[in-house]
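Engineer: What follows is structure_16.pdb; its format and atoms are PDB, C-alpha atoms.
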```
ATOM      1  CA  MET A   1     -20.900  20.668  19.293
ATOM      2  CA  ASN A   2     -22.363  17.162  19.159
ATOM      3  CA  PRO A   3     -19.973  15.064  17.010
ATOM      4  CA  TYR A   4     -22.893  12.774  16.061
ATOM      5  CA  ALA A   5     -25.195  15.569  14.847
ATOM      6  CA  GLN A   6     -26.410  15.379  11.255
ATOM      7  CA  PRO A   7     -23.405  16.288   9.132
ATOM      8  CA  GLN A   8     -23.448  19.204   6.740
ATOM      9  CA  ILE A   9     -23.382  18.007   3.118
ATOM     10  CA  ARG A  10     -22.034  20.114   0.281
ATOM     11  CA  PRO A  11     -21.047  19.648  -3.364
ATOM     12  CA  THR A  12     -17.439  18.684  -3.962
ATOM     13  CA  THR A  13     -14.811  21.000  -5.359
ATOM     14  CA  ALA A  14     -11.489  20.218  -6.990
ATOM     15  CA  ASP A  15      -9.838  21.125  -3.664
ATOM     16  CA  ASP A  16     -11.475  18.078  -2.021
ATOM     17  CA  ALA A  17      -9.733  15.484  -4.198
ATOM     18  CA  ALA A  18      -6.651  14.859  -2.032
ATOM     19  CA  GLU A  19      -8.718  14.439   1.133
ATOM     20  CA  VAL A  20     -11.154  12.103  -0.636
ATOM     21  CA  VAL A  21      -8.285  10.005  -2.024
ATOM     22  CA  ALA A  22      -6.998   9.785   1.563
ATOM     23  CA  LEU A  23     -10.379   8.337   2.626
ATOM     24  CA  PHE A  24      -9.897   5.567   0.055
ATOM     25  CA  ASP A  25      -6.290   5.009   1.201
ATOM     26  CA  ASP A  26      -7.476   4.698   4.811
ATOM     27  CA  ALA A  27     -10.211   2.257   3.768
ATOM     28  CA  VAL A  28      -7.718   0.066   1.885
ATOM     29  CA  ALA A  29      -5.386   0.038   4.908
ATOM     30  CA  TRP A  30      -8.286  -0.832   7.244
ATOM     31  CA  MET A  31      -9.528  -3.609   4.929
ATOM     32  CA  ASN A  32      -6.034  -5.059   4.577
ATOM     33  CA  THR A  33      -5.552  -5.004   8.361
ATOM     34  CA  ASN A  34      -8.766  -7.025   8.597
ATOM     35  CA  GLY A  35      -7.583  -9.562   6.000
ATOM     36  CA  ASN A  36      -9.470  -8.148   3.007
ATOM     37  CA  THR A  37      -7.181  -7.650   0.032
ATOM     38  CA  GLN A  38      -9.737  -8.800  -2.540
ATOM     39  CA  GLN A  39     -12.139  -5.851  -2.530
ATOM     40  CA  TRP A  40      -9.783  -3.018  -3.490
ATOM     41  CA  GLY A  41      -6.399  -4.718  -3.427
ATOM     42  CA  SER A  42      -3.542  -3.833  -1.131
ATOM     43  CA  LYS A  43      -2.095  -0.790  -2.858
ATOM     44  CA  PRO A  44      -3.187   2.670  -1.627
ATOM     45  CA  TRP A  45      -5.394   4.470  -4.150
ATOM     46  CA  SER A  46      -3.047   7.461  -4.019
ATOM     47  CA  GLN A  47      -0.460   5.243  -5.735
ATOM     48  CA  ILE A  48      -2.794   4.276  -8.609
ATOM     49  CA  PRO A  49      -2.911   7.191 -11.093
ATOM     50  CA  ALA A  50      -6.161   6.074 -12.783
ATOM     51  CA  ARG A  51      -7.996   6.033  -9.446
ATOM     52  CA  VAL A  52      -6.608   9.422  -8.411
ATOM     53  CA  GLU A  53      -7.646  10.812 -11.798
ATOM     54  CA  LYS A  54     -11.176   9.376 -11.442
ATOM     55  CA  ILE A  55     -11.662  10.857  -7.963
ATOM     56  CA  THR A  56     -10.152  14.186  -9.029
ATOM     57  CA  GLY A  57     -12.596  14.329 -11.935
ATOM     58  CA  TRP A  58     -15.564  13.468  -9.743
ATOM     59  CA  CYS A  59     -14.608  16.162  -7.241
ATOM     60  CA  ALA A  60     -14.021  18.807  -9.916
ATOM     61  CA  GLU A  61     -17.372  18.194 -11.657
ATOM     62  CA  GLY A  62     -19.211  19.824  -8.784
ATOM     63  CA  HIS A  63     -22.636  18.451  -9.754
ATOM     64  CA  SER A  64     -22.363  14.749  -9.054
ATOM     65  CA  GLY A  65     -20.029  14.618  -6.053
ATOM     66  CA  TRP A  66     -20.981  15.375  -2.464
ATOM     67  CA  VAL A  67     -19.061  15.368   0.809
ATOM     68  CA  SER A  68     -20.260  15.200   4.385
ATOM     69  CA  MET A  69     -18.359  17.364   6.799
ATOM     70  CA  LEU A  70     -17.069  16.561  10.271
ATOM     71  CA  PRO A  71     -17.464  19.285  12.938
ATOM     72  CA  ASP A  72     -13.749  20.148  12.640
ATOM     73  CA  GLY A  73     -14.049  20.809   8.879
ATOM     74  CA  ARG A  74     -12.565  17.549   7.630
ATOM     75  CA  ILE A  75     -14.428  15.400   5.128
ATOM     76  CA  GLY A  76     -16.287  12.550   6.788
ATOM     77  CA  GLY A  77     -17.746  10.916   3.693
ATOM     78  CA  PHE A  78     -17.982  11.089  -0.087
ATOM     79  CA  LEU A  79     -20.811  10.270  -2.502
ATOM     80  CA  VAL A  80     -20.922  10.324  -6.294
ATOM     81  CA  VAL A  81     -24.137   9.906  -8.276
ATOM     82  CA  GLY A  82     -24.486   9.610 -12.032
ATOM     83  CA  ASP A  83     -24.702   6.985 -14.730
ATOM     84  CA  ALA A  84     -24.224   3.318 -13.951
ATOM     85  CA  HIS A  85     -20.759   1.901 -14.433
ATOM     86  CA  PRO A  86     -20.172   0.168 -17.803
ATOM     87  CA  TYR A  87     -20.054  -3.289 -16.188
ATOM     88  CA  VAL A  88     -23.576  -2.880 -14.757
ATOM     89  CA  PRO A  89     -26.669  -3.796 -16.788
ATOM     90  CA  ALA A  90     -28.618  -0.759 -17.988
ATOM     91  CA  ALA A  91     -31.586   0.425 -15.959
ATOM     92  CA  THR A  92     -35.071  -0.327 -17.204
ATOM     93  CA  GLY A  93     -36.334   3.130 -16.222
ATOM     94  CA  SER A  94     -35.099   6.411 -14.825
ATOM     95  CA  GLU A  95     -32.750   6.046 -11.896
ATOM     96  CA  LEU A  96     -30.165   7.769  -9.787
ATOM     97  CA  TYR A  97     -27.046   5.592  -9.657
ATOM     98  CA  ILE A  98     -24.686   5.677  -6.704
ATOM     99  CA  MET A  99     -21.292   5.438  -8.358
ATOM    100  CA  ALA A 100     -19.212   5.741  -5.189
ATOM    101  CA  LEU A 101     -19.807   5.951  -1.460
ATOM    102  CA  ILE A 102     -17.187   5.970   1.266
ATOM    103  CA  ALA A 103     -17.034   7.224   4.824
ATOM    104  CA  SER A 104     -14.134   7.830   7.148
ATOM    105  CA  ARG A 105     -13.302   5.121   9.672
ATOM    106  CA  ALA A 106     -13.022   7.842  12.362
ATOM    107  CA  ASP A 107     -15.509   7.546  15.240
ATOM    108  CA  GLU A 108     -16.824  11.051  14.614
ATOM    109  CA  ALA A 109     -17.802  10.034  11.060
ATOM    110  CA  ARG A 110     -20.166   7.330  12.307
ATOM    111  CA  GLY A 111     -23.411   7.599  10.330
ATOM    112  CA  HIS A 112     -21.948   9.666   7.485
ATOM    113  CA  GLY A 113     -22.401   6.875   4.924
ATOM    114  CA  ARG A 114     -26.074   6.525   5.833
ATOM    115  CA  ARG A 115     -26.572  10.269   5.771
ATOM    116  CA  LEU A 116     -25.056  10.437   2.287
ATOM    117  CA  LEU A 117     -27.430   7.673   1.169
ATOM    118  CA  GLN A 118     -30.301   9.795   2.532
ATOM    119  CA  HIS A 119     -28.921  12.688   0.512
ATOM    120  CA  ALA A 120     -29.035  10.498  -2.605
ATOM    121  CA  ASP A 121     -32.709   9.819  -1.795
ATOM    122  CA  GLU A 122     -33.300  13.580  -1.591
ATOM    123  CA  LEU A 123     -31.520  14.213  -4.888
ATOM    124  CA  ALA A 124     -33.584  11.531  -6.611
ATOM    125  CA  ALA A 125     -36.857  12.800  -5.148
ATOM    126  CA  ASN A 126     -36.045  16.383  -6.182
ATOM    127  CA  ASP A 127     -35.553  15.153  -9.756
ATOM    128  CA  GLY A 128     -38.759  13.079  -9.713
ATOM    129  CA  ILE A 129     -36.819   9.814  -9.768
ATOM    130  CA  ASN A 130     -38.162   6.912  -7.716
ATOM    131  CA  GLU A 131     -35.376   4.347  -8.197
ATOM    132  CA  LEU A 132     -31.824   4.271  -6.904
ATOM    133  CA  ARG A 133     -29.252   1.614  -7.723
ATOM    134  CA  VAL A 134     -25.818   0.856  -6.375
ATOM    135  CA  ASP A 135     -23.293  -1.891  -6.893
ATOM    136  CA  CYS A 136     -20.859  -3.191  -4.345
ATOM    137  CA  TRP A 137     -18.421  -5.959  -3.591
ATOM    138  CA  ALA A 138     -20.324  -9.140  -2.750
ATOM    139  CA  GLY A 139     -17.383 -10.997  -1.226
ATOM    140  CA  GLY A 140     -16.123 -11.055   2.323
ATOM    141  CA  GLY A 141     -19.195 -12.749   3.703
ATOM    142  CA  GLY A 142     -21.531 -10.102   2.269
ATOM    143  CA  ASN A 143     -20.985  -7.442   4.947
ATOM    144  CA  LEU A 144     -21.165  -4.570   2.465
ATOM    145  CA  VAL A 145     -24.309  -5.998   0.876
ATOM    146  CA  ARG A 146     -25.885  -6.187   4.357
ATOM    147  CA  PHE A 147     -24.989  -2.529   4.975
ATOM    148  CA  TYR A 148     -26.938  -1.464   1.888
ATOM    149  CA  GLU A 149     -29.820  -3.759   2.813
ATOM    150  CA  SER A 150     -29.951  -2.144   6.258
ATOM    151  CA  ALA A 151     -30.292   1.214   4.465
ATOM    152  CA  GLY A 152     -33.357   0.047   2.523
ATOM    153  CA  TYR A 153     -31.752  -1.430  -0.589
ATOM    154  CA  VAL A 154     -32.814  -4.802  -1.992
ATOM    155  CA  LYS A 155     -30.621  -7.304  -3.845
ATOM    156  CA  ASP A 156     -31.264  -7.154  -7.578
ATOM    157  CA  SER A 157     -28.636  -9.101  -9.509
ATOM    158  CA  THR A 158     -25.039 -10.228  -9.329
ATOM    159  CA  PHE A 159     -22.133  -9.799 -11.724
ATOM    160  CA  LYS A 160     -18.408 -10.463 -11.957
ATOM    161  CA  VAL A 161     -15.588  -8.261 -13.150
ATOM    162  CA  LYS A 162     -12.783 -10.749 -13.703
ATOM    163  CA  GLU A 163     -12.934 -12.664 -10.390
ATOM    164  CA  TRP A 164     -14.404  -9.733  -8.392
ATOM    165  CA  PRO A 165     -17.963 -10.659  -7.266
ATOM    166  CA  GLY A 166     -20.431  -7.787  -7.387
ATOM    167  CA  GLN A 167     -23.968  -7.222  -6.190
ATOM    168  CA  ILE A 168     -26.429  -4.713  -7.616
ATOM    169  CA  LEU A 169     -28.988  -3.394  -5.156
ATOM    170  CA  THR A 170     -31.995  -1.142  -5.720
ATOM    171  CA  ARG A 171     -34.036   1.177  -3.561
ATOM    172  CA  SER A 172     -37.517   2.247  -4.538
ATOM    173  CA  LEU A 173     -38.446   5.627  -3.113
ATOM    174  CA  ALA A 174     -42.090   4.905  -3.936
ATOM    175  CA  VAL A 175     -41.939   1.842  -1.662
ATOM    176  CA  ALA A 176     -39.974   3.783   0.985
ATOM    177  CA  ARG A 177     -42.717   6.469   1.015
ATOM    178  CA  GLY A 178     -45.426   3.816   1.117
ATOM    179  CA  ALA A 179     -46.799   4.800  -2.300
TER     180      ALA A 179
END
```
Starting from the file, give its structure as structure tokens.
Structural biologist:
Amino acid sequence: MNPYAQPQIRPTTADDAAEVVALFDDAVAWMNTNGNTQQWGSKPWSQIPARVEKITGWCAEGHSGWVSMLPDGRIGGFLVVGDAHPYVPAATGSELYIMALIASRADEARGHGRRLLQHADELAANDGINELRVDCWAGGGGNLVRFYESAGYVKDSTFKVKEWPGQILTRSLAVARGA
């Protein structure tokens, strides 16, 4: 089987929570190894009860969480859509908000984040929604912002939560379809 084939995407279940938390732990370890302790800190998410509870809730909901699957059955990525976070300005129209997106650092998960963003496009289109928004960390030279821009998102506005710099980005499906 081609490890870079389009991954299967399915709704989350409560059973996915531990594996999804492990994705966040791996991301924190990778970031810290690369000198980034500002984005998500230096403590593994599995050691922060509020974060474990949030992910467990997202996975158990079954209607807002999605996982991409690696050929061997492991989770390669995780997406949550829903209402904008409280620290983000309200939308001016209908939108699908990307609350969380993460992909494994494993080579075989390459492209899973982008595929999950495509899935968000599909979800929005199926609901007749033409606007997607996401927020992300704007620090670290803007690498994460550039990732979203490369996926068709456009910078909208910035914000701060304490000293954490954030960027809101939007994606218009009408523009993407050439409408």
Engineer: Could you give me, as a PyMOL selection string, the residues that sit within 10 Å of (-24.0, -10.0, -11.3) in the file's coordinates, counting only C-alpha atoms?
Structural biologist: chain A and resi 87-89+135+138+156-161+165-168
Engineer: From the set A:Asp107, A:Ser94, A:Trp164, A:Tyr148, which residue has the shortest atom-to-atom contact distance to Asp127 of chain A, counting only C-alpha atoms?
Structural biologist: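 Counting only C-alpha atoms, the residue closest to Asp127 of chain A is A:Ser94.
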Engineer: For the point (-20.8, 11.8, 1.1) in the file's frame, write as a ChimeraX atom specification all residues with an atom no more than 8 Å away, counting only C-alpha atoms.
Structural biologist: /A:9,65-68,76-80,101-103,112-113,115-117
Engineer: Find the residue from A:Met99, A:Ala174, A:Ala60, A:Met69 that sits nearest to Gln6 of chain A; use all atoms listed in the file when measuring.
Structural biologist: A:Met69
Engineer: Enumerate, as a list of chain:residue names, the residues matched when the PyMOL selection byres ((chain A and resi 15) around 12) is run on the file above.
Structural biologist: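 Listing what the PyMOL selection byres ((chain A and resi 15) around 12) selects in the shown file: A:Pro11, A:Thr12, A:Thr13, A:Ala14, A:Asp16, A:Ala17, A:Ala18, A:Glu19, A:Val20, A:Val21, A:Ile55, A:Thr56, A:Gly57, A:Trp58, A:Cys59, A:Ala60, A:Glu61, A:Gly62, A:Val67, A:Ile75.
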Engineer: Output C-alpha atoms for every residue in the selection just made, as a PDB file, in the coordinates of the input.
Structural biologist:
```pdb
ATOM      1  CA  PRO A  11     -21.047  19.648  -3.364  1.00  0.00           C
ATOM      2  CA  THR A  12     -17.439  18.684  -3.962  1.00  0.00           C
ATOM      3  CA  THR A  13     -14.811  21.000  -5.359  1.00  0.00           C
ATOM      4  CA  ALA A  14     -11.489  20.218  -6.990  1.00  0.00           C
ATOM      5  CA  ASP A  16     -11.475  18.078  -2.021  1.00  0.00           C
ATOM      6  CA  ALA A  17      -9.733  15.484  -4.198  1.00  0.00           C
ATOM      7  CA  ALA A  18      -6.651  14.859  -2.032  1.00  0.00           C
ATOM      8  CA  GLU A  19      -8.718  14.439   1.133  1.00  0.00           C
ATOM      9  CA  VAL A  20     -11.154  12.103  -0.636  1.00  0.00           C
ATOM     10  CA  VAL A  21      -8.285  10.005  -2.024  1.00  0.00           C
ATOM     11  CA  ILE A  55     -11.662  10.857  -7.963  1.00  0.00           C
ATOM     12  CA  THR A  56     -10.152  14.186  -9.029  1.00  0.00           C
ATOM     13  CA  GLY A  57     -12.596  14.329 -11.935  1.00  0.00           C
ATOM     14  CA  TRP A  58     -15.564  13.468  -9.743  1.00  0.00           C
ATOM     15  CA  CYS A  59     -14.608  16.162  -7.241  1.00  0.00           C
ATOM     16  CA  ALA A  60     -14.021  18.807  -9.916  1.00  0.00           C
ATOM     17  CA  GLU A  61     -17.372  18.194 -11.657  1.00  0.00           C
ATOM     18  CA  GLY A  62     -19.211  19.824  -8.784  1.00  0.00           C
ATOM     19  CA  VAL A  67     -19.061  15.368   0.809  1.00  0.00           C
ATOM     20  CA  ILE A  75     -14.428  15.400   5.128  1.00  0.00           C
TER      21      ILE A  75
END
```
Engineer: Excluding Ser42 of chain A and its own-chain neighbours fewer than 5 positions away, which residues fall within 9 Å of it when counting all atoms listed in the file? Please give them as number ranges by chain.
Structural biologist: A: 28-29, 31-32, 36-37
Engineer: Point out the residue among A:Val134, A:Pro71, A:Val145, A:Arg171 with the least atom-to-atom distance to Ala84 of chain A, counting only C-alpha atoms.
Structural biologist: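 For Ala84 of chain A, the nearest of the candidates is A:Val134.
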Engineer: Let me make sure I understand: among A:Arg146, A:Arg133, A:Arg74, A:Arg110, which one has the smallest atom-to-atom distance to Gly93 of chain A if we use only C-alpha atoms?
Structural biologist: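 Closest residue, counting only C-alpha atoms: A:Arg133.
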Engineer: Between atom CA of Gly111 of chain A and atom CA of Leu123 of chain A, what distance in Å does the model show, to one decimal?
Structural biologist: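 Computing it gives 18.5 Å between the two atoms.
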Engineer: Taking all atoms of segment 134-143 of chain A that the file lists, what box with edges along x, y and z, padded by 3 Å per side, do you get, with centre and edge lengths in Å to one decimal, as AutoDock Vina command-line options?
Structural biologist:
```
--center_x -21.0 --center_y -5.9 --center_z -1.0 --size_x 15.7 --size_y 19.6 --size_z 17.8
```
Engineer: Just the number, please: distance in Å from atom CA of Lys43 of chain A to atom CA of Gly139 of chain A, one decimal.
Structural biologist: 18.5 Å
Engineer: Identify which of the residues A:Ala125, A:Ala22, A:Val154, A:Leu70 lies closest to Gln8 of chain A, counting all atoms listed in the file when measuring atom-to-atom distances.
Structural biologist: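 Using all atoms listed in the file, the shortest distance to Gln8 of chain A belongs to A:Leu70.
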Engineer: Report, in Å with one decimal, the straight-line distance from atom CA of Ser46 of chain A to atom CA of Trp30 of chain A.
Structural biologist: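 Value for the atom CA of Ser46 of chain A-atom CA of Trp30 of chain A distance: 14.9 Å.
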Engineer: Using the chain letters and numbers from the file, give me the residues hit by the PyMOL selection byres ((chain A and resi 96) around 9), as a PyMOL selection string.
Structural biologist: chain A and resi 81-84+94-95+97-98+120-121+123-124+129-134
